[in-house]
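Text of start_20.txt (compact mmCIF, N, CA, C and O atoms) as supplied:
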# COMPACT_ATOMS: atom_id res chain seq x y z
N PHE A 1 0.82 -1.20 0.00
CA PHE A 1 0.00 0.00 0.00
C PHE A 1 0.85 1.25 0.00
O PHE A 1 0.66 2.13 -0.81
N VAL A 2 1.81 1.35 0.90
CA VAL A 2 2.60 2.57 0.99
C VAL A 2 3.35 2.81 -0.30
O VAL A 2 3.40 3.92 -0.80
N PHE A 3 3.93 1.76 -0.88
CA PHE A 3 4.65 1.94 -2.13
C PHE A 3 3.73 2.49 -3.21
O PHE A 3 4.09 3.42 -3.91
N CYS A 4 2.54 1.94 -3.33
CA CYS A 4 1.59 2.42 -4.34
C CYS A 4 1.16 3.84 -4.05
O CYS A 4 1.05 4.67 -4.95
N PHE A 5 0.92 4.15 -2.80
CA PHE A 5 0.39 5.46 -2.44
C PHE A 5 1.43 6.55 -2.54
O PHE A 5 1.15 7.64 -3.00
N PHE A 6 2.65 6.27 -2.13
CA PHE A 6 3.67 7.31 -2.06
C PHE A 6 4.74 7.18 -3.14
O PHE A 6 5.71 7.91 -3.14
N SER A 7 4.57 6.27 -4.05
CA SER A 7 5.56 6.04 -5.09
C SER A 7 5.68 7.23 -6.02
O SER A 7 4.73 7.97 -6.26
N SER A 8 6.86 7.40 -6.59
CA SER A 8 7.04 8.44 -7.60
C SER A 8 6.29 8.05 -8.87
O SER A 8 5.99 8.90 -9.70
N ARG A 9 5.96 6.79 -9.01
CA ARG A 9 5.14 6.33 -10.13
C ARG A 9 3.68 6.37 -9.70
O ARG A 9 3.03 5.35 -9.52
N ARG A 10 3.18 7.56 -9.55
CA ARG A 10 1.82 7.76 -9.01
C ARG A 10 0.76 7.14 -9.92
O ARG A 10 0.88 7.15 -11.13
N ARG A 11 -0.26 6.67 -9.30
CA ARG A 11 -1.45 6.18 -9.99
C ARG A 11 -2.63 6.52 -9.10
O ARG A 11 -2.45 7.00 -7.99
N ASP A 12 -3.81 6.27 -9.57
CA ASP A 12 -4.99 6.55 -8.76
C ASP A 12 -5.01 5.57 -7.60
O ASP A 12 -5.16 4.37 -7.79
N THR A 13 -4.84 6.10 -6.41
CA THR A 13 -4.79 5.24 -5.23
C THR A 13 -6.00 5.45 -4.33
O THR A 13 -5.99 5.02 -3.20
N SER A 14 -7.03 6.11 -4.84
CA SER A 14 -8.18 6.38 -3.98
C SER A 14 -8.78 5.08 -3.46
O SER A 14 -9.20 5.01 -2.32
N SER A 15 -8.80 4.05 -4.29
CA SER A 15 -9.35 2.78 -3.80
C SER A 15 -8.44 2.17 -2.74
O SER A 15 -8.92 1.55 -1.81
N ASP A 16 -7.12 2.36 -2.86
CA ASP A 16 -6.20 1.87 -1.83
C ASP A 16 -6.45 2.58 -0.51
O ASP A 16 -6.50 1.98 0.53
N ARG A 17 -6.59 3.90 -0.57
CA ARG A 17 -6.82 4.67 0.65
C ARG A 17 -8.13 4.25 1.30
O ARG A 17 -8.18 4.06 2.50
N ASP A 18 -9.18 4.13 0.50
CA ASP A 18 -10.47 3.72 1.06
C ASP A 18 -10.37 2.33 1.68
O ASP A 18 -10.87 2.09 2.76
N TRP A 19 -9.72 1.43 0.98
CA TRP A 19 -9.57 0.06 1.46
C TRP A 19 -8.79 0.04 2.76
O TRP A 19 -9.19 -0.58 3.73
N SER A 20 -7.65 0.75 2.81
CA SER A 20 -6.82 0.70 4.01
C SER A 20 -7.51 1.36 5.19
O SER A 20 -7.42 0.88 6.31
N SER A 21 -8.22 2.47 4.95
CA SER A 21 -8.95 3.12 6.03
C SER A 21 -10.05 2.22 6.56
O SER A 21 -10.25 2.13 7.77
N ASP A 22 -10.74 1.54 5.65
CA ASP A 22 -11.79 0.61 6.07
C ASP A 22 -11.22 -0.53 6.89
O ASP A 22 -11.76 -0.91 7.93
N VAL A 23 -10.11 -1.10 6.42
CA VAL A 23 -9.48 -2.22 7.13
C VAL A 23 -9.01 -1.77 8.50
O VAL A 23 -9.23 -2.43 9.50
N CYS A 24 -8.35 -0.60 8.55
CA CYS A 24 -7.86 -0.10 9.83
C CYS A 24 -9.00 0.17 10.79
O CYS A 24 -8.90 -0.13 11.97
N SER A 25 -10.09 0.73 10.30
CA SER A 25 -11.25 0.97 11.15
C SER A 25 -11.81 -0.34 11.69
O SER A 25 -12.14 -0.45 12.87
N SER A 26 -11.89 -1.35 10.82
CA SER A 26 -12.37 -2.67 11.25
C SER A 26 -11.43 -3.29 12.27
O SER A 26 -11.88 -3.90 13.24
N ASP A 27 -10.13 -3.12 12.04
CA ASP A 27 -9.15 -3.66 12.99
C ASP A 27 -9.31 -3.01 14.36
O ASP A 27 -9.29 -3.68 15.38
N LEU A 28 -9.45 -1.69 14.37
CA LEU A 28 -9.60 -0.98 15.64
C LEU A 28 -10.88 -1.40 16.36
O LEU A 28 -10.87 -1.59 17.58
N GLU A 29 -11.97 -1.57 15.62
CA GLU A 29 -13.24 -2.00 16.22
C GLU A 29 -13.11 -3.39 16.83
O GLU A 29 -13.77 -3.71 17.81
N ALA A 30 -12.24 -4.22 16.23
CA ALA A 30 -12.04 -5.58 16.73
C ALA A 30 -11.02 -5.62 17.87
O ALA A 30 -10.72 -6.69 18.39
N GLY A 31 -10.46 -4.45 18.23
CA GLY A 31 -9.50 -4.40 19.32
C GLY A 31 -8.07 -4.68 18.90
O GLY A 31 -7.21 -4.92 19.74
N LEU A 32 -7.81 -4.68 17.59
CA LEU A 32 -6.47 -4.93 17.08
C LEU A 32 -5.72 -3.61 16.90
O LEU A 32 -6.33 -2.56 16.71
N GLY A 33 -4.40 -3.66 16.92
CA GLY A 33 -3.58 -2.49 16.66
C GLY A 33 -3.22 -2.41 15.18
O GLY A 33 -3.30 -3.39 14.46
N VAL A 34 -2.83 -1.22 14.75
CA VAL A 34 -2.45 -1.00 13.36
C VAL A 34 -0.99 -0.55 13.33
O VAL A 34 -0.63 0.43 13.98
N ASN A 35 -0.15 -1.27 12.60
CA ASN A 35 1.25 -0.92 12.40
C ASN A 35 1.46 -0.61 10.92
O ASN A 35 0.87 -1.25 10.07
N ALA A 36 2.30 0.38 10.64
CA ALA A 36 2.57 0.78 9.26
C ALA A 36 3.92 0.23 8.83
O ALA A 36 4.86 0.19 9.61
N GLY A 37 4.00 -0.13 7.56
CA GLY A 37 5.19 -0.75 7.02
C GLY A 37 6.26 0.22 6.55
O GLY A 37 6.28 1.38 6.93
N HIS A 38 7.12 -0.28 5.71
CA HIS A 38 8.30 0.45 5.25
C HIS A 38 7.93 1.55 4.25
O HIS A 38 6.78 1.70 3.87
N ASP A 39 8.93 2.30 3.83
CA ASP A 39 8.82 3.39 2.85
C ASP A 39 8.25 4.67 3.45
O ASP A 39 7.92 5.59 2.71
N LEU A 40 8.11 4.74 4.75
CA LEU A 40 7.67 5.97 5.38
C LEU A 40 8.88 6.82 5.73
O LEU A 40 9.91 6.29 6.14
N ASN A 41 8.75 8.13 5.55
CA ASN A 41 9.85 9.04 5.85
C ASN A 41 9.28 10.40 6.23
O ASN A 41 8.07 10.55 6.36
N GLN A 42 10.14 11.40 6.39
CA GLN A 42 9.68 12.72 6.81
C GLN A 42 8.75 13.37 5.78
O GLN A 42 7.92 14.20 6.14
N LYS A 43 8.86 12.99 4.54
CA LYS A 43 8.04 13.60 3.50
C LYS A 43 6.62 13.04 3.45
O LYS A 43 5.70 13.72 3.02
N ASN A 44 6.43 11.79 3.85
CA ASN A 44 5.10 11.18 3.68
C ASN A 44 4.44 10.69 4.97
O ASN A 44 3.28 10.29 4.96
N LEU A 45 5.14 10.72 6.08
CA LEU A 45 4.62 10.14 7.32
C LEU A 45 3.39 10.87 7.84
O LEU A 45 2.40 10.24 8.21
N GLU A 46 3.41 12.19 7.85
CA GLU A 46 2.26 12.93 8.38
C GLU A 46 1.01 12.66 7.56
O GLU A 46 -0.06 12.38 8.11
N ASN A 47 1.14 12.71 6.25
CA ASN A 47 -0.01 12.45 5.38
C ASN A 47 -0.54 11.04 5.59
O ASN A 47 -1.75 10.82 5.68
N PHE A 48 0.35 10.07 5.68
CA PHE A 48 -0.07 8.69 5.91
C PHE A 48 -0.84 8.56 7.22
O PHE A 48 -1.92 7.97 7.27
N CYS A 49 -0.29 9.12 8.30
CA CYS A 49 -0.93 8.99 9.61
C CYS A 49 -2.27 9.72 9.65
O CYS A 49 -3.18 9.29 10.37
N ARG A 50 -2.41 10.80 8.91
CA ARG A 50 -3.70 11.49 8.87
C ARG A 50 -4.75 10.67 8.11
O ARG A 50 -5.92 10.69 8.44
N ARG A 51 -4.33 9.96 7.07
CA ARG A 51 -5.27 9.20 6.23
C ARG A 51 -5.61 7.83 6.80
O ARG A 51 -6.66 7.29 6.49
N VAL A 52 -4.70 7.27 7.57
CA VAL A 52 -4.93 5.94 8.13
C VAL A 52 -5.02 6.09 9.64
O VAL A 52 -4.02 6.30 10.31
N PRO A 53 -6.22 6.00 10.19
CA PRO A 53 -6.42 6.24 11.62
C PRO A 53 -5.88 5.11 12.50
O PRO A 53 -5.82 3.96 12.08
N GLY A 54 -5.48 5.47 13.70
CA GLY A 54 -5.17 4.47 14.70
C GLY A 54 -3.83 3.78 14.56
O GLY A 54 -3.63 2.70 15.11
N VAL A 55 -2.88 4.37 13.85
CA VAL A 55 -1.57 3.74 13.70
C VAL A 55 -0.84 3.77 15.04
O VAL A 55 -0.67 4.83 15.64
N LEU A 56 -0.45 2.60 15.51
CA LEU A 56 0.25 2.50 16.80
C LEU A 56 1.77 2.56 16.64
O LEU A 56 2.47 3.00 17.53
N GLU A 57 2.25 2.07 15.52
CA GLU A 57 3.69 1.97 15.32
C GLU A 57 4.00 2.14 13.83
O GLU A 57 3.24 1.68 12.98
N VAL A 58 5.10 2.83 13.55
CA VAL A 58 5.54 2.97 12.16
C VAL A 58 6.97 2.47 12.03
O VAL A 58 7.77 2.64 12.94
N SER A 59 7.28 1.85 10.92
CA SER A 59 8.62 1.36 10.66
C SER A 59 9.37 2.42 9.86
O SER A 59 9.22 2.53 8.65
N ILE A 60 10.16 3.23 10.55
CA ILE A 60 10.89 4.32 9.91
C ILE A 60 12.40 4.14 10.04
O ILE A 60 13.16 5.07 9.77
N GLY A 61 12.84 2.96 10.42
CA GLY A 61 14.25 2.73 10.71
C GLY A 61 15.20 3.09 9.59
O GLY A 61 16.18 3.80 9.79
N HIS A 62 14.93 2.61 8.37
CA HIS A 62 15.81 2.90 7.25
C HIS A 62 15.82 4.39 6.93
O HIS A 62 16.89 4.97 6.71
N ALA A 63 14.67 5.00 6.90
CA ALA A 63 14.59 6.43 6.60
C ALA A 63 15.26 7.23 7.70
O ALA A 63 16.00 8.18 7.42
N LEU A 64 15.03 6.85 8.95
CA LEU A 64 15.61 7.59 10.06
C LEU A 64 17.14 7.59 9.98
O LEU A 64 17.78 8.64 10.11
N VAL A 65 17.73 6.45 9.70
CA VAL A 65 19.19 6.36 9.63
C VAL A 65 19.72 7.17 8.45
O VAL A 65 20.66 7.95 8.59
N SER A 66 19.12 7.00 7.28
CA SER A 66 19.63 7.71 6.11
C SER A 66 19.43 9.22 6.24
O SER A 66 20.31 10.00 5.85
N GLU A 67 18.30 9.64 6.82
CA GLU A 67 18.08 11.08 7.02
C GLU A 67 19.00 11.63 8.09
O GLU A 67 19.47 12.77 8.00
N ALA A 68 19.31 10.83 9.10
CA ALA A 68 20.22 11.27 10.17
C ALA A 68 21.64 11.46 9.65
O ALA A 68 22.38 12.29 10.18
N LEU A 69 22.02 10.72 8.63
CA LEU A 69 23.35 10.92 8.05
C LEU A 69 23.49 12.33 7.47
O LEU A 69 24.58 12.89 7.48
N GLU A 70 22.40 12.88 6.98
CA GLU A 70 22.44 14.23 6.41
C GLU A 70 22.10 15.31 7.43
O GLU A 70 22.69 16.38 7.41
N GLN A 71 21.15 15.03 8.33
CA GLN A 71 20.63 16.05 9.24
C GLN A 71 21.16 15.94 10.66
O GLN A 71 21.00 16.86 11.44
N GLY A 72 21.73 14.81 11.01
CA GLY A 72 22.14 14.53 12.38
C GLY A 72 21.00 13.84 13.14
O GLY A 72 19.83 14.00 12.81
N TRP A 73 21.38 13.05 14.15
CA TRP A 73 20.39 12.26 14.91
C TRP A 73 19.38 13.14 15.62
O TRP A 73 18.17 12.92 15.54
N GLU A 74 19.87 14.12 16.35
CA GLU A 74 18.98 14.94 17.17
C GLU A 74 17.94 15.66 16.31
O GLU A 74 16.75 15.65 16.63
N THR A 75 18.37 16.27 15.22
CA THR A 75 17.45 16.99 14.34
C THR A 75 16.44 16.04 13.71
O THR A 75 15.24 16.32 13.65
N THR A 76 16.92 14.90 13.24
CA THR A 76 16.04 13.93 12.59
C THR A 76 14.98 13.41 13.55
O THR A 76 13.78 13.37 13.21
N ILE A 77 15.38 13.02 14.74
CA ILE A 77 14.42 12.50 15.72
C ILE A 77 13.42 13.59 16.12
O ILE A 77 12.22 13.35 16.19
N ARG A 78 13.91 14.79 16.34
CA ARG A 78 13.02 15.90 16.68
C ARG A 78 12.00 16.14 15.55
O ARG A 78 10.82 16.35 15.80
N ASN A 79 12.46 16.07 14.30
CA ASN A 79 11.56 16.25 13.15
C ASN A 79 10.46 15.19 13.14
O ASN A 79 9.29 15.50 12.90
N TYR A 80 10.83 13.94 13.41
CA TYR A 80 9.83 12.86 13.43
C TYR A 80 8.82 13.06 14.56
O TYR A 80 7.63 12.82 14.38
N VAL A 81 9.29 13.48 15.71
CA VAL A 81 8.37 13.73 16.84
C VAL A 81 7.37 14.83 16.46
O VAL A 81 6.16 14.68 16.67
N VAL A 82 7.85 15.90 15.87
CA VAL A 82 6.97 17.01 15.45
C VAL A 82 5.97 16.52 14.40
O VAL A 82 4.77 16.82 14.47
N ILE A 83 6.44 15.76 13.43
CA ILE A 83 5.57 15.23 12.37
C ILE A 83 4.45 14.39 12.98
O ILE A 83 3.27 14.55 12.63
N LEU A 84 4.78 13.49 13.88
CA LEU A 84 3.77 12.64 14.50
C LEU A 84 2.80 13.45 15.37
O LEU A 84 1.61 13.16 15.40
N GLN A 85 3.31 14.45 16.05
CA GLN A 85 2.42 15.31 16.85
C GLN A 85 1.46 16.08 15.95
O GLN A 85 0.26 16.18 16.25
N GLN A 86 1.96 16.60 14.83
CA GLN A 86 1.11 17.34 13.91
C GLN A 86 0.05 16.44 13.27
O GLN A 86 -1.04 16.89 12.97
N ALA A 87 0.39 15.18 13.10
CA ALA A 87 -0.57 14.23 12.52
C ALA A 87 -1.57 13.73 13.55
O ALA A 87 -2.52 13.03 13.21
N GLY A 88 -1.34 14.07 14.82
CA GLY A 88 -2.24 13.61 15.87
C GLY A 88 -2.01 12.15 16.23
O GLY A 88 -2.89 11.50 16.78
N ALA A 89 -0.84 11.65 15.90
CA ALA A 89 -0.54 10.23 16.18
C ALA A 89 -0.01 10.05 17.58
O ALA A 89 0.48 10.94 18.19

Rendering of file as structure tokens:
Amino acid sequence: FVFCFFSSRRRDTSSDRDWSSDVCSSDLEAGLGVNAGHDLNQKNLENFCRRVPGVLEVSIGHALVSEALEQGWETTIRNYVVILQQAGA
């Protein structure tokens, strides 16, 4: 889903968004948690978290390390915290 939604090879993903939001809503109603997969980074994380409700955990390890090489650890982590706060996550 994330690759299709955030890929540089954009396509109509409205059905993906509707499907994932529906699934996440059903998961939450059933008492399950929602975790997000790879390909999330500072550019797309806020949008993803706003569109997919109830995300408990995101896998940002690869992006965090590569972004920290350019921005430094402290700045990168602070940026992610702000992004998640702005998304209401």

Item to complete: Just give me the gap between atom O of Gly88 in chain A and atom C of Leu69 in chain A in Å, one decimal is fine.
Response: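 Calculated distance between atom O of Gly88 in chain A and atom C of Leu69 in chain A is 28.0 Å.
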
Which residues, written as an mmCIF file with N, CA, C and O atoms, in the coordinates of the input, have at least one atom at most 6 Å from range 40-44 of chain A, with all atoms listed in the file counted and residues fewer than 3 positions away on the same chain left out?
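The resulting file, result-v5.cif, is reproduced below:
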data_model
loop_
_atom_site.group_PDB
_atom_site.id
_atom_site.type_symbol
_atom_site.label_atom_id
_atom_site.label_comp_id
_atom_site.auth_asym_id
_atom_site.auth_seq_id
_atom_site.Cartn_x
_atom_site.Cartn_y
_atom_site.Cartn_z
ATOM 1 N N GLY A 37 4.000 -0.130 7.560
ATOM 2 C CA GLY A 37 5.190 -0.750 7.020
ATOM 3 C C GLY A 37 6.260 0.220 6.550
ATOM 4 O O GLY A 37 6.280 1.380 6.930
ATOM 5 N N ASN A 47 1.140 12.710 6.250
ATOM 6 C CA ASN A 47 -0.010 12.450 5.380
ATOM 7 C C ASN A 47 -0.540 11.040 5.590
ATOM 8 O O ASN A 47 -1.750 10.820 5.680
ATOM 9 N N PHE A 48 0.350 10.070 5.680
ATOM 10 C CA PHE A 48 -0.070 8.690 5.910
ATOM 11 C C PHE A 48 -0.840 8.560 7.220
ATOM 12 O O PHE A 48 -1.920 7.970 7.270
ATOM 13 N N CYS A 49 -0.290 9.120 8.300
ATOM 14 C CA CYS A 49 -0.930 8.990 9.610
ATOM 15 C C CYS A 49 -2.270 9.720 9.650
ATOM 16 O O CYS A 49 -3.180 9.290 10.370
ATOM 17 N N SER A 59 7.280 1.850 10.920
ATOM 18 C CA SER A 59 8.620 1.360 10.660
ATOM 19 C C SER A 59 9.370 2.420 9.860
ATOM 20 O O SER A 59 9.220 2.530 8.650
ATOM 21 N N ILE A 60 10.160 3.230 10.550
ATOM 22 C CA ILE A 60 10.890 4.320 9.910
ATOM 23 C C ILE A 60 12.400 4.140 10.040
ATOM 24 O O ILE A 60 13.160 5.070 9.770
ATOM 25 N N ALA A 63 14.670 5.000 6.900
ATOM 26 C CA ALA A 63 14.590 6.430 6.600
ATOM 27 C C ALA A 63 15.260 7.230 7.700
ATOM 28 O O ALA A 63 16.000 8.180 7.420
ATOM 29 N N LEU A 64 15.030 6.850 8.950
ATOM 30 C CA LEU A 64 15.610 7.590 10.060
ATOM 31 C C LEU A 64 17.140 7.590 9.980
ATOM 32 O O LEU A 64 17.780 8.640 10.110
#

Quiz item: Quick one: of A:Arg51, A:Glu57, A:Val81, A:His62, who's nearest to His38 in chain A, counting only C-alpha atoms?
Solution: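 Going through A:Arg51, A:Glu57, A:Val81, A:His62 one by one, the smallest distance to His38 in chain A is for A:His62.
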
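Note that atom C of Ile83 in chain A and atom N of Val65 in chain A are 15.8 Å apart.
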
Given only C-alpha atoms as the counted atoms, nearest of A:Ile77, A:Val34, A:Ser66, A:Leu84 to Arg50 in chain A: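 Looking only at the distances to Arg50 in chain A, the closest residue turns out to be A:Leu84.
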
Edge lengths and centre in Å to one decimal, as AutoDock Vina command-line options, is what I'm after for the box along x, y and z that holds all listed atoms of range 47-50 of chain A once 5 Å is added on each side.
--center_x -2.4 --center_y 10.3 --center_z 7.9 --size_x 17.1 --size_y 14.7 --size_z 15.0

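Relative to CA of Tyr80 in chain A, CA of Leu45 in chain A is found at 8.5 Å.
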
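Distances to Gln85 in chain A were evaluated for A:Glu46, A:Gly31, A:Trp73, A:Asp39 using only C-alpha atoms, and the minimum falls at A:Glu46.
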
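Closest approach to Gly54 in chain A among A:Gly72, A:Gln86, A:Glu67, A:Gly33: A:Gly33, based on only C-alpha atoms.
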